[in-house]
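my_file_0.cif, holding mmCIF, C-alpha atoms:
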data_final
#
loop_
_atom_site.label_atom_id
_atom_site.label_comp_id
_atom_site.auth_asym_id
_atom_site.auth_seq_id
_atom_site.Cartn_x
_atom_site.Cartn_y
_atom_site.Cartn_z
CA MET A 51 0.00 0.00 0.00
CA HIS A 52 1.12 3.48 -0.81
CA PRO A 53 0.58 6.29 1.67
CA ARG A 54 -2.95 7.65 1.19
CA LYS A 55 -3.02 10.79 3.23
CA GLY A 56 -1.27 12.99 5.70
CA THR A 57 2.13 12.50 4.11
CA THR A 58 4.11 15.70 3.98
CA LEU A 59 7.75 16.44 3.38
CA HIS A 60 8.06 18.11 6.74
CA MET A 61 7.03 16.37 9.93
CA THR A 62 8.58 18.52 12.61
CA ILE A 63 6.27 21.52 12.75
CA THR A 64 5.05 21.81 16.31
CA GLU A 65 3.88 25.41 16.41
CA ASN A 66 0.56 26.45 15.01
CA PRO A 67 1.25 26.88 11.31
CA ALA A 68 0.80 30.26 9.68
CA ILE A 69 -2.26 29.81 7.47
CA ARG A 70 -2.83 32.47 4.81
CA ASN A 71 -5.29 32.10 1.92
CA GLY A 72 -5.84 28.57 3.20
CA VAL A 73 -2.16 27.82 2.55
CA ASP A 74 0.00 26.44 5.36
CA THR A 75 2.95 28.71 4.69
CA ALA A 76 5.16 26.99 7.28
CA THR A 77 4.75 23.70 5.44
CA LEU A 78 5.19 25.49 2.10
CA PHE A 79 8.54 26.98 3.13
CA ALA A 80 9.62 23.71 4.79
CA THR A 81 8.84 21.90 1.52
CA LEU A 82 10.98 24.38 -0.39
CA ASP A 83 13.82 23.86 2.10
CA ALA A 84 13.55 20.08 1.84
CA ILE A 85 13.74 20.23 -1.96
CA LYS A 86 16.69 22.62 -1.88
CA ALA A 87 18.49 20.09 0.32
CA ASP A 88 17.59 17.14 -1.94
CA PRO A 89 16.44 18.06 -5.48
CA GLU A 90 15.51 14.42 -6.21
CA ILE A 91 12.39 15.06 -4.13
CA ALA A 92 11.14 17.37 -6.90
CA LYS A 93 10.94 14.69 -9.59
CA PHE A 94 7.28 13.75 -10.03
CA GLN A 95 5.30 11.64 -12.45
CA PHE A 96 1.55 12.15 -12.71
CA ARG A 97 -0.67 9.56 -14.35
CA ALA A 98 -4.12 8.97 -15.75
CA SER A 99 -5.81 5.76 -16.75
CA ASN A 100 -8.78 6.00 -19.07
CA ARG A 101 -11.52 3.61 -20.13
CA TRP A 102 -13.80 4.12 -23.11
CA ILE A 103 -17.48 3.77 -22.21
CA SER A 104 -19.44 4.40 -25.43
CA GLY A 105 -19.35 6.89 -28.28
CA ALA A 106 -17.40 9.98 -27.16
CA HIS A 107 -17.88 9.12 -23.47
CA SER A 108 -14.83 7.97 -21.50
CA ARG A 109 -13.75 8.04 -17.87
CA SER A 110 -10.32 8.72 -16.39
CA THR A 111 -9.05 7.72 -12.99
CA LEU A 112 -6.41 9.92 -11.38
CA ASP A 113 -4.92 8.15 -8.41
CA GLY A 114 -1.34 6.90 -8.25
CA PHE A 115 1.63 9.19 -8.80
CA PHE A 116 5.33 9.23 -8.10
CA GLY A 117 6.98 12.00 -6.13
CA ALA A 118 9.35 12.70 -3.26
CA LYS A 119 11.16 9.48 -4.16
CA GLN A 120 8.14 7.23 -3.53
CA GLU A 121 4.99 5.83 -5.07
CA MET A 122 1.97 7.62 -3.69
CA ASN A 123 -1.81 7.81 -4.10
CA HIS A 124 -4.36 10.54 -3.81
CA ALA A 125 -6.47 10.63 -0.63
CA VAL A 126 -9.17 9.07 -2.81
CA ALA A 127 -9.00 7.93 -6.42
CA HIS A 128 -10.35 10.90 -8.38
CA VAL A 129 -12.59 10.16 -11.37
CA ALA A 130 -13.44 12.43 -14.31
CA ASP A 131 -15.85 11.78 -17.17
CA ALA A 132 -15.74 13.42 -20.59
CA ASP A 133 -18.10 13.38 -23.53
CA HIS A 134 -19.29 15.49 -26.43
CA PRO A 135 -22.56 17.46 -26.32
CA ALA A 136 -25.50 16.43 -28.48
CA ILE A 137 -24.65 18.95 -31.19
CA LEU A 138 -21.32 17.17 -31.59
CA VAL A 139 -22.92 13.73 -31.75
CA GLY A 140 -22.31 12.90 -28.07
CA GLU A 141 -24.54 12.34 -25.05
CA ASP A 142 -23.16 15.10 -22.81
CA ASN A 143 -22.16 12.82 -19.94
CA GLY A 144 -19.33 15.20 -19.04
CA PRO A 145 -17.39 18.23 -20.23
CA THR A 146 -15.63 18.06 -23.58
CA PRO A 147 -11.90 17.24 -23.62
CA VAL A 148 -11.06 20.79 -24.74
CA GLU A 149 -13.04 22.28 -21.85
CA TYR A 150 -10.85 20.25 -19.50
CA LEU A 151 -7.84 22.09 -20.95
CA LEU A 152 -9.44 25.38 -19.87
CA HIS A 153 -10.20 23.94 -16.43
CA ALA A 154 -6.61 22.71 -16.05
CA LEU A 155 -5.31 26.17 -16.92
CA ALA A 156 -7.78 27.83 -14.54
CA ALA A 157 -6.90 25.50 -11.68
CA CYS A 158 -3.15 25.80 -12.16
CA LEU A 159 -3.09 29.59 -12.36
CA THR A 160 -5.45 29.87 -9.39
CA ALA A 161 -3.54 27.42 -7.17
CA GLY A 162 -0.29 29.22 -8.00
CA LEU A 163 -1.90 32.54 -7.24
CA ALA A 164 -3.03 31.43 -3.79
CA ASN A 165 0.34 29.89 -2.96
CA ILE A 166 2.42 32.80 -4.21
CA ALA A 167 0.20 35.35 -2.48
CA ALA A 168 0.50 33.38 0.78
CA ALA A 169 4.28 33.19 0.46
CA ARG A 170 4.43 36.96 -0.09
CA GLY A 171 2.05 37.76 2.77
CA VAL A 172 -0.65 38.97 0.39
CA ASN A 173 -4.23 38.25 1.44
CA LEU A 174 -6.87 37.15 -1.06
CA THR A 175 -10.59 37.46 -0.41
CA GLU A 176 -12.03 36.37 -3.77
CA VAL A 177 -10.63 35.02 -7.02
CA THR A 178 -12.78 34.25 -10.03
CA SER A 179 -11.70 33.78 -13.62
CA THR A 180 -13.12 33.07 -17.06
CA PHE A 181 -11.56 31.19 -19.95
CA GLU A 182 -12.59 31.30 -23.62
CA GLY A 183 -11.07 29.02 -26.23
CA ASP A 184 -11.82 29.57 -29.93
CA ILE A 185 -11.78 26.49 -32.14
CA ASP A 186 -12.82 25.93 -35.74
CA LEU A 187 -13.97 22.34 -36.15
CA LEU A 188 -13.04 22.33 -39.84
CA GLY A 189 -9.63 21.19 -38.56
CA ILE A 190 -10.54 18.11 -36.55
CA LEU A 191 -13.22 17.14 -39.08
CA GLY A 192 -10.62 17.09 -41.83
CA LEU A 193 -12.56 19.62 -43.92
CA SER A 194 -9.75 22.19 -44.25
CA LYS A 195 -6.00 21.85 -44.41
CA ASP A 196 -5.62 25.50 -43.41
CA VAL A 197 -7.33 25.15 -40.02
CA ARG A 198 -5.49 23.67 -37.03
CA ASN A 199 -7.12 20.94 -34.94
CA GLY A 200 -6.87 22.71 -31.59
CA TYR A 201 -7.74 26.05 -30.09
CA GLN A 202 -6.63 29.04 -32.14
CA GLN A 203 -6.41 31.20 -29.02
CA ILE A 204 -7.38 31.21 -25.36
CA LYS A 205 -8.49 34.38 -23.61
CA VAL A 206 -8.32 34.56 -19.81
CA THR A 207 -9.75 37.16 -17.43
CA PHE A 208 -8.95 37.12 -13.72
CA ASN A 209 -10.92 39.05 -11.10
CA VAL A 210 -8.86 39.17 -7.92
CA LYS A 211 -9.89 40.83 -4.65
CA GLY A 212 -7.86 41.26 -1.48
CA ASP A 213 -4.89 43.42 -0.58
CA ASP A 214 -3.29 46.20 -2.65
CA PRO A 215 -4.35 45.83 -6.33
CA GLU A 216 -0.81 46.29 -7.62
CA LYS A 217 0.44 43.44 -5.43
CA LEU A 218 -2.45 41.30 -6.63
CA ARG A 219 -1.49 41.97 -10.25
CA GLN A 220 2.11 41.00 -9.52
CA VAL A 221 0.97 37.75 -7.92
CA VAL A 222 -1.09 36.84 -11.00
CA GLU A 223 1.89 37.62 -13.23
CA GLN A 224 4.19 35.48 -11.08
CA SER A 225 1.66 32.64 -11.15
CA ARG A 226 1.65 32.82 -14.97
CA GLN A 227 5.45 32.72 -15.01
CA ARG A 228 5.51 29.63 -12.78
CA SER A 229 2.48 27.71 -14.06
CA ALA A 230 3.04 24.15 -15.26
CA VAL A 231 -0.15 24.12 -17.32
CA TYR A 232 0.44 27.57 -18.86
CA ASP A 233 3.91 26.39 -19.87
CA VAL A 234 2.62 23.20 -21.51
CA LEU A 235 -0.26 24.97 -23.26
CA THR A 236 1.88 27.79 -24.63
CA HIS A 237 5.06 25.87 -25.43
CA GLY A 238 3.89 22.30 -26.02
CA VAL A 239 5.34 19.03 -24.78
CA PRO A 240 6.64 15.90 -26.57
CA ILE A 241 4.04 13.11 -26.55
CA SER A 242 4.75 9.49 -27.51
CA ILE A 243 1.92 7.05 -28.22
CA ASP A 244 2.24 3.26 -28.18
CA VAL A 245 -0.60 1.07 -29.34
CA VAL A 246 -1.39 -2.51 -28.38
CA ALA A 247 -4.16 -3.69 -30.73
CA GLY A 248 -6.12 -6.89 -31.06
CA MET B 217 -32.79 30.38 -22.55
CA HIS B 218 -30.31 28.53 -24.66
CA PRO B 219 -31.13 25.04 -25.93
CA ARG B 220 -30.26 22.52 -23.23
CA LYS B 221 -30.59 19.21 -24.97
CA GLY B 222 -31.67 17.36 -28.03
CA THR B 223 -30.31 19.97 -30.41
CA THR B 224 -28.59 18.42 -33.39
CA LEU B 225 -27.56 19.83 -36.71
CA HIS B 226 -29.70 17.35 -38.57
CA MET B 227 -33.36 16.92 -37.83
CA THR B 228 -34.58 14.87 -40.77
CA ILE B 229 -33.40 11.36 -39.93
CA THR B 230 -36.44 9.13 -39.94
CA GLU B 231 -34.89 5.72 -40.32
CA ASN B 232 -33.31 3.89 -37.45
CA PRO B 233 -29.83 5.38 -37.18
CA ALA B 234 -26.79 3.17 -37.68
CA ILE B 235 -25.21 2.97 -34.25
CA ARG B 236 -21.63 1.66 -34.13
CA ASN B 237 -19.39 1.94 -31.07
CA GLY B 238 -22.21 3.96 -29.51
CA VAL B 239 -21.83 6.54 -32.28
CA ASP B 240 -24.85 7.53 -34.34
CA THR B 241 -23.07 7.43 -37.68
CA ALA B 242 -26.07 8.77 -39.60
CA THR B 243 -26.02 11.91 -37.45
CA LEU B 244 -22.23 12.04 -37.70
CA PHE B 245 -22.28 12.05 -41.50
CA ALA B 246 -25.23 14.46 -41.57
CA THR B 247 -23.27 16.82 -39.32
CA LEU B 248 -20.31 16.67 -41.69
CA ASP B 249 -22.62 17.41 -44.65
CA ALA B 250 -24.20 20.34 -42.81
CA ILE B 251 -20.77 21.84 -42.07
CA LYS B 252 -19.58 21.33 -45.64
CA ALA B 253 -22.65 23.28 -46.79
CA ASP B 254 -22.09 26.08 -44.22
CA PRO B 255 -18.59 26.21 -42.67
CA GLU B 256 -19.72 28.91 -40.21
CA ILE B 257 -21.38 26.11 -38.25
CA ALA B 258 -17.90 24.80 -37.36
CA LYS B 259 -16.82 27.91 -35.42
CA PHE B 260 -17.04 27.06 -31.71
CA GLN B 261 -15.99 28.76 -28.49
CA PHE B 262 -15.68 26.69 -25.32
CA ARG B 263 -15.58 28.31 -21.90
CA ALA B 264 -14.76 27.68 -18.28
CA SER B 265 -15.48 29.81 -15.23
CA ASN B 266 -13.45 29.14 -12.12
CA ARG B 267 -13.79 30.14 -8.48
CA TRP B 268 -11.02 29.86 -5.91
CA ILE B 269 -12.14 28.03 -2.78
CA SER B 270 -9.09 27.88 -0.47
CA GLY B 271 -5.41 27.11 -0.83
CA ALA B 272 -4.83 25.16 -4.05
CA HIS B 273 -8.50 24.15 -4.25
CA SER B 274 -10.64 25.69 -6.97
CA ARG B 275 -13.76 24.71 -8.90
CA SER B 276 -14.58 25.20 -12.56
CA THR B 277 -18.00 25.23 -14.16
CA LEU B 278 -18.25 24.13 -17.78
CA ASP B 279 -21.64 25.05 -19.15
CA GLY B 280 -22.22 27.65 -21.85
CA PHE B 281 -20.52 27.49 -25.22
CA PHE B 282 -20.96 28.93 -28.69
CA GLY B 283 -21.28 26.76 -31.75
CA ALA B 284 -23.38 26.18 -34.86
CA LYS B 285 -24.04 29.94 -34.94
CA GLN B 286 -25.80 30.00 -31.56
CA GLU B 287 -25.24 30.21 -27.80
CA MET B 288 -25.74 26.82 -26.22
CA ASN B 289 -25.46 25.06 -22.86
CA HIS B 290 -24.54 21.57 -21.79
CA ALA B 291 -27.38 19.24 -20.79
CA VAL B 292 -26.33 20.07 -17.24
CA ALA B 293 -23.67 22.49 -15.99
CA HIS B 294 -20.61 20.29 -15.48
CA VAL B 295 -18.44 21.00 -12.44
CA ALA B 296 -14.81 19.99 -11.84
CA ASP B 297 -12.70 20.50 -8.72
CA ALA B 298 -8.91 20.63 -8.59
CA ASP B 299 -6.43 20.72 -5.72
CA HIS B 300 -2.93 19.67 -4.78
CA PRO B 301 -2.23 16.52 -2.72
CA ALA B 302 -0.95 16.79 0.85
CA ILE B 303 2.65 16.31 -0.23
CA LEU B 304 2.31 19.45 -2.34
CA VAL B 305 0.73 21.46 0.49
CA GLY B 306 -2.86 20.92 -0.64
CA GLU B 307 -5.89 19.09 0.74
CA ASP B 308 -6.48 16.68 -2.16
CA ASN B 309 -10.04 17.81 -2.87
CA GLY B 310 -9.58 16.91 -6.53
CA PRO B 311 -7.01 15.93 -9.15
CA THR B 312 -4.07 18.25 -9.77
CA PRO B 313 -4.26 20.66 -12.70
CA VAL B 314 -1.56 18.74 -14.57
CA GLU B 315 -3.48 15.46 -14.18
CA TYR B 316 -6.41 17.15 -15.91
CA LEU B 317 -4.12 17.71 -18.90
CA LEU B 318 -3.59 13.95 -19.10
CA HIS B 319 -7.32 13.34 -18.74
CA ALA B 320 -8.09 15.87 -21.50
CA LEU B 321 -5.63 14.11 -23.80
CA ALA B 322 -7.05 10.68 -22.91
CA ALA B 323 -10.62 11.79 -23.49
CA CYS B 324 -9.89 13.53 -26.79
CA LEU B 325 -7.93 10.65 -28.32
CA THR B 326 -10.51 8.13 -27.10
CA ALA B 327 -13.54 10.08 -28.38
CA GLY B 328 -11.81 10.53 -31.73
CA LEU B 329 -10.97 6.86 -31.85
CA ALA B 330 -14.60 5.82 -31.30
CA ASN B 331 -15.91 8.30 -33.87
CA ILE B 332 -13.33 7.50 -36.54
CA ALA B 333 -13.74 3.77 -36.05
CA ALA B 334 -17.52 4.14 -36.36
CA ALA B 335 -17.18 6.22 -39.53
CA ARG B 336 -14.90 3.54 -41.04
CA GLY B 337 -17.13 0.64 -40.01
CA VAL B 338 -14.58 -0.64 -37.50
CA ASN B 339 -16.01 -2.18 -34.34
CA LEU B 340 -14.44 -1.58 -30.93
CA THR B 341 -15.03 -3.86 -27.96
CA GLU B 342 -12.66 -2.33 -25.38
CA VAL B 343 -10.37 0.69 -25.23
CA THR B 344 -8.18 1.47 -22.25
CA SER B 345 -5.20 3.79 -22.08
CA THR B 346 -2.58 5.05 -19.66
CA PHE B 347 -0.85 8.41 -19.53
CA GLU B 348 2.37 9.32 -17.72
CA GLY B 349 3.65 12.86 -17.47
CA ASP B 350 7.12 13.57 -16.07
CA ILE B 351 7.62 16.87 -14.29
CA ASP B 352 10.48 18.25 -12.23
CA LEU B 353 9.08 20.70 -9.68
CA LEU B 354 12.36 22.62 -9.53
CA GLY B 355 10.87 24.62 -12.41
CA ILE B 356 7.58 25.81 -10.90
CA LEU B 357 9.23 26.31 -7.52
CA GLY B 358 11.73 28.69 -9.08
CA LEU B 359 14.67 26.60 -7.82
CA SER B 360 16.31 26.05 -11.23
CA LYS B 361 16.43 28.16 -14.36
CA ASP B 362 17.31 25.08 -16.42
CA VAL B 363 14.10 23.19 -15.66
CA ARG B 364 10.87 24.02 -17.45
CA ASN B 365 7.66 24.56 -15.47
CA GLY B 366 5.56 21.96 -17.24
CA TYR B 367 5.77 18.32 -18.22
CA GLN B 368 9.03 17.30 -19.86
CA GLN B 369 7.33 14.47 -21.73
CA ILE B 370 4.09 12.55 -21.81
CA LYS B 371 4.00 8.83 -22.56
CA VAL B 372 0.76 7.26 -23.77
CA THR B 373 -0.16 3.59 -24.18
CA PHE B 374 -3.42 2.50 -25.82
CA ASN B 375 -4.89 -0.97 -25.53
CA VAL B 376 -7.54 -1.38 -28.22
CA LYS B 377 -9.66 -4.46 -28.84
CA GLY B 378 -12.18 -5.10 -31.60
CA ASP B 379 -11.81 -5.74 -35.33
CA ASP B 380 -8.60 -6.33 -37.29
CA PRO B 381 -5.58 -5.09 -35.27
CA GLU B 382 -4.08 -3.24 -38.24
CA LYS B 383 -7.30 -1.29 -38.75
CA LEU B 384 -7.38 -0.52 -35.02
CA ARG B 385 -3.85 0.88 -35.20
CA GLN B 386 -4.80 3.04 -38.18
CA VAL B 387 -7.79 4.40 -36.28
CA VAL B 388 -5.61 5.37 -33.30
CA GLU B 389 -3.16 7.09 -35.66
CA GLN B 390 -5.96 8.98 -37.40
CA SER B 391 -7.34 10.04 -34.01
CA ARG B 392 -3.91 11.42 -33.10
CA GLN B 393 -3.74 13.30 -36.37
CA ARG B 394 -7.16 14.88 -35.78
CA SER B 395 -7.09 15.45 -32.01
CA ALA B 396 -7.69 18.98 -30.77
CA VAL B 397 -6.02 18.32 -27.41
CA TYR B 398 -3.02 16.51 -28.92
CA ASP B 399 -2.53 19.48 -31.24
CA VAL B 400 -2.67 22.03 -28.41
CA LEU B 401 -0.41 19.98 -26.11
CA THR B 402 2.23 19.33 -28.78
CA HIS B 403 2.15 22.67 -30.60
CA GLY B 404 0.95 25.15 -27.99
CA VAL B 405 -1.63 27.90 -28.29
CA PRO B 406 -1.50 31.69 -27.73
CA ILE B 407 -2.95 32.64 -24.33
CA SER B 408 -3.81 36.19 -23.25
CA ILE B 409 -4.45 37.05 -19.60
CA ASP B 410 -6.27 40.15 -18.39
CA VAL B 411 -6.41 40.99 -14.69
CA VAL B 412 -9.00 43.05 -12.83
CA ALA B 413 -7.61 43.59 -9.32
CA GLY B 414 -8.89 45.32 -6.22
#

Representation of the structure as structure tokens:
Amino acid sequence: MHPRKGTTLHMTITENPAIRNGVDTATLFATLDAIKADPEIAKFQFRASNRWISGAHSRSTLDGFFGAKQEMNHAVAHVADADHPAILVGEDNGPTPVEYLLHALAACLTAGLANIAAARGVNLTEVTSTFEGDIDLLGILGLSKDVRNGYQQIKVTFNVKGDDPEKLRQVVEQSRQRSAVYDVLTHGVPISIDVVAG
Amino acid sequence: MHPRKGTTLHMTITENPAIRNGVDTATLFATLDAIKADPEIAKFQFRASNRWISGAHSRSTLDGFFGAKQEMNHAVAHVADADHPAILVGEDNGPTPVEYLLHALAACLTAGLANIAAARGVNLTEVTSTFEGDIDLLGILGLSKDVRNGYQQIKVTFNVKGDDPEKLRQVVEQSRQRSAVYDVLTHGVPISIDVVAG
């Protein structure tokens, strides 16, 4: 069995931790110190396993991952469904795959924002954001060679409330500069695909 | 009110539709014909709205979208939570943002596979797949300038059962070539971020 919960990189905090924006900043800084002392801790592998259900409907399980030099699991195995809406010949049993890209970007920028603000002593009271991705389906349908398959652009708007607006803007900018998902979506990543058929 | 369900681009099918792999191929081909006749139908915009909850925990709603020259909504408003696990100073209220990237890729390739196989008359009996994304957190933590923020590579393995294995392989390859998420993740997309602070 892999550890399911409560595992942290730092076990020696005895004082009441400094919680800001819901972030345990003592643990955050202790984690940074632990990684500085042993960079191998920072090597992670995240995983998904997916099963086709019917038509455009499939379900992924997000559970096991590797990090901090050990195999781990989420507190519970997270499950996510995806499908196409009726107008795209699906049954709408979940968001579309491309909407999950927007959600991933939203969640990454927002988590970074909360963590960075906490580390800088900046208080947040409310953070909302909207994401718009433009896509021309002539690409994926193979009806035009001049149209790409994916989004042509993504437009993001953040509404952030809390301390000094200029500090809030700087925190959003720093979150963008340190976002894993923003990096992948703007710069791309090598993907290899193996197929076992039959 | 925007149409919530049952809206398709083709309303004149009276015969029993040809269902293969759970895909209504008659509607699929009718949709292609409708788009060929009026390419404006193919211009879509997908959207997410996100609200920060606490720490690394946020929640996205995926509901309204534009497509087929009209504002539409999903059959229900889909909701997705994201968080960091305990070892990354979160509370594990959902998958991590980077796991959602893997799920988006899984769901897009799998939906494409089912649709393309159906269009080609290829029967599927089982499709499972695994996704592994390697990431070194020295990047997002700002501890190394030589390490990127996002995944360094993603490795995918598909297990596909059904008709002739060679046809199944060709269907997976065609799905890769026509996948919106694969395109975005391998080639990147321009992202603009506006901030309203205070």

Name the residues that the PyMOL selection byres ((chain A and resi 189-203) around 8) pulls out of this structure, and write them as a compact mmCIF listing (two decimals) with C-alpha atoms, keeping the file's coordinate frame.
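Output saved as selection.txt:
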# COMPACT_ATOMS: atom_id res chain seq x y z
CA GLY A 183 -11.07 29.02 -26.23
CA ASP A 184 -11.82 29.57 -29.93
CA ILE A 185 -11.78 26.49 -32.14
CA ASP A 186 -12.82 25.93 -35.74
CA LEU A 187 -13.97 22.34 -36.15
CA LEU A 188 -13.04 22.33 -39.84
CA ILE A 204 -7.38 31.21 -25.36
CA LYS A 205 -8.49 34.38 -23.61
CA LEU B 248 -20.31 16.67 -41.69
CA LYS B 252 -19.58 21.33 -45.64
CA ARG B 394 -7.16 14.88 -35.78
CA SER B 395 -7.09 15.45 -32.01
CA ALA B 396 -7.69 18.98 -30.77
CA VAL B 397 -6.02 18.32 -27.41
CA TYR B 398 -3.02 16.51 -28.92
CA ASP B 399 -2.53 19.48 -31.24
CA VAL B 400 -2.67 22.03 -28.41
CA VAL B 405 -1.63 27.90 -28.29
CA PRO B 406 -1.50 31.69 -27.73
CA ILE B 407 -2.95 32.64 -24.33

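Remark: for Thr402 (chain B), the closest of the candidate residues B:Leu317, B:Gly310, B:Ala264, B:Lys377 is B:Leu317 (distances computed over only C-alpha atoms).
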
query: Using only C-alpha atoms, which of the listed residues (B:Ser270, B:Ile332, B:Gly337, B:Phe281) sits closest to chain A?
result: B:Ser270

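The shell of residues at most 10 Å from Lys217 (chain A), with all atoms listed in the file counted and near chain neighbours (fewer than 6 positions) removed, consists of Ala167, Arg170, Val172, Asn173 and Glu223 of chain A; Ala413 and Gly414 of chain B.
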
What does the PyMOL selection byres ((chain A and resi 162) around 9) select in this file, as a PDB file with C-alpha atoms, keeping the file's coordinate frame?
ATOM      1  CA  ALA A 157      -6.900  25.500 -11.680  1.00  0.00           C
ATOM      2  CA  CYS A 158      -3.150  25.800 -12.160  1.00  0.00           C
ATOM      3  CA  LEU A 159      -3.090  29.590 -12.360  1.00  0.00           C
ATOM      4  CA  THR A 160      -5.450  29.870  -9.390  1.00  0.00           C
ATOM      5  CA  ALA A 161      -3.540  27.420  -7.170  1.00  0.00           C
ATOM      6  CA  LEU A 163      -1.900  32.540  -7.240  1.00  0.00           C
ATOM      7  CA  ALA A 164      -3.030  31.430  -3.790  1.00  0.00           C
ATOM      8  CA  ASN A 165       0.340  29.890  -2.960  1.00  0.00           C
ATOM      9  CA  ILE A 166       2.420  32.800  -4.210  1.00  0.00           C
ATOM     10  CA  ALA A 167       0.200  35.350  -2.480  1.00  0.00           C
ATOM     11  CA  VAL A 221       0.970  37.750  -7.920  1.00  0.00           C
ATOM     12  CA  VAL A 222      -1.090  36.840 -11.000  1.00  0.00           C
ATOM     13  CA  GLN A 224       4.190  35.480 -11.080  1.00  0.00           C
ATOM     14  CA  SER A 225       1.660  32.640 -11.150  1.00  0.00           C
ATOM     15  CA  ARG A 226       1.650  32.820 -14.970  1.00  0.00           C
ATOM     16  CA  ARG A 228       5.510  29.630 -12.780  1.00  0.00           C
ATOM     17  CA  SER A 229       2.480  27.710 -14.060  1.00  0.00           C
TER      18      SER A 229
ATOM     19  CA  ALA B 272      -4.830  25.160  -4.050  1.00  0.00           C
TER      20      ALA B 272
END

Where's the centre, and what are the edge lengths in Å to one decimal, of a box along x, y and z enclosing all listed atoms of region 235-245 of chain B padded 6 Å per side, as lines of an AutoDock Vina configuration file?
center_x = -22.7
center_y = 6.9
center_z = -35.5
size_x = 18.7
size_y = 22.4
size_z = 24.0

message: For this structure, which residues satisfy the selection - the PyMOL selection byres ((chain B and resi 301) around 12) - when it is evaluated on the file as given? I want them as number ranges by chain.
response: A: 53-59, 96, 112-117, 122-128, 161; B: 271-273, 298-300, 302-313, 315

Pull C-alpha atoms from the residues just selected and write them as a JSON list (two decimals), in the frame of the given file.
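Final output, saved to part.json:
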[["chain", "number", "residue", "atom", "x", "y", "z"],
["A", 53, "PRO", "CA", 0.58, 6.29, 1.67],
["A", 54, "ARG", "CA", -2.95, 7.65, 1.19],
["A", 55, "LYS", "CA", -3.02, 10.79, 3.23],
["A", 56, "GLY", "CA", -1.27, 12.99, 5.70],
["A", 57, "THR", "CA", 2.13, 12.50, 4.11],
["A", 58, "THR", "CA", 4.11, 15.70, 3.98],
["A", 59, "LEU", "CA", 7.75, 16.44, 3.38],
["A", 96, "PHE", "CA", 1.55, 12.15, -12.71],
["A", 112, "LEU", "CA", -6.41, 9.92, -11.38],
["A", 113, "ASP", "CA", -4.92, 8.15, -8.41],
["A", 114, "GLY", "CA", -1.34, 6.90, -8.25],
["A", 115, "PHE", "CA", 1.63, 9.19, -8.80],
["A", 116, "PHE", "CA", 5.33, 9.23, -8.10],
["A", 117, "GLY", "CA", 6.98, 12.00, -6.13],
["A", 122, "MET", "CA", 1.97, 7.62, -3.69],
["A", 123, "ASN", "CA", -1.81, 7.81, -4.10],
["A", 124, "HIS", "CA", -4.36, 10.54, -3.81],
["A", 125, "ALA", "CA", -6.47, 10.63, -0.63],
["A", 126, "VAL", "CA", -9.17, 9.07, -2.81],
["A", 127, "ALA", "CA", -9.00, 7.93, -6.42],
["A", 128, "HIS", "CA", -10.35, 10.90, -8.38],
["A", 161, "ALA", "CA", -3.54, 27.42, -7.17],
["B", 271, "GLY", "CA", -5.41, 27.11, -0.83],
["B", 272, "ALA", "CA", -4.83, 25.16, -4.05],
["B", 273, "HIS", "CA", -8.50, 24.15, -4.25],
["B", 298, "ALA", "CA", -8.91, 20.63, -8.59],
["B", 299, "ASP", "CA", -6.43, 20.72, -5.72],
["B", 300, "HIS", "CA", -2.93, 19.67, -4.78],
["B", 302, "ALA", "CA", -0.95, 16.79, 0.85],
["B", 303, "ILE", "CA", 2.65, 16.31, -0.23],
["B", 304, "LEU", "CA", 2.31, 19.45, -2.34],
["B", 305, "VAL", "CA", 0.73, 21.46, 0.49],
["B", 306, "GLY", "CA", -2.86, 20.92, -0.64],
["B", 307, "GLU", "CA", -5.89, 19.09, 0.74],
["B", 308, "ASP", "CA", -6.48, 16.68, -2.16],
["B", 309, "ASN", "CA", -10.04, 17.81, -2.87],
["B", 310, "GLY", "CA", -9.58, 16.91, -6.53],
["B", 311, "PRO", "CA", -7.01, 15.93, -9.15],
["B", 312, "THR", "CA", -4.07, 18.25, -9.77],
["B", 313, "PRO", "CA", -4.26, 20.66, -12.70],
["B", 315, "GLU", "CA", -3.48, 15.46, -14.18]]

- prompt: Between B:Gln386, B:Thr341, B:Thr241, B:Thr346, which is the closest to chain A once you count all atoms listed in the file?
  reply: B:Thr346

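These residues, each with an atom at most 10 Å from (0.5, 28.4, 7.1) using all atoms listed in the file, are A:Asn66, A:Pro67, A:Ala68, A:Ile69, A:Arg70, A:Asn71, A:Gly72, A:Val73, A:Asp74, A:Thr75, A:Ala76, A:Thr77, A:Leu78, A:Phe79, A:Ala168, A:Ala169, B:Gly271, B:Val305.
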
- line: One residue among B:Ser265, B:Phe347, B:Thr277, B:Leu321 is nearest to Leu401 (chain B) when using only C-alpha atoms, and that residue is B:Leu321
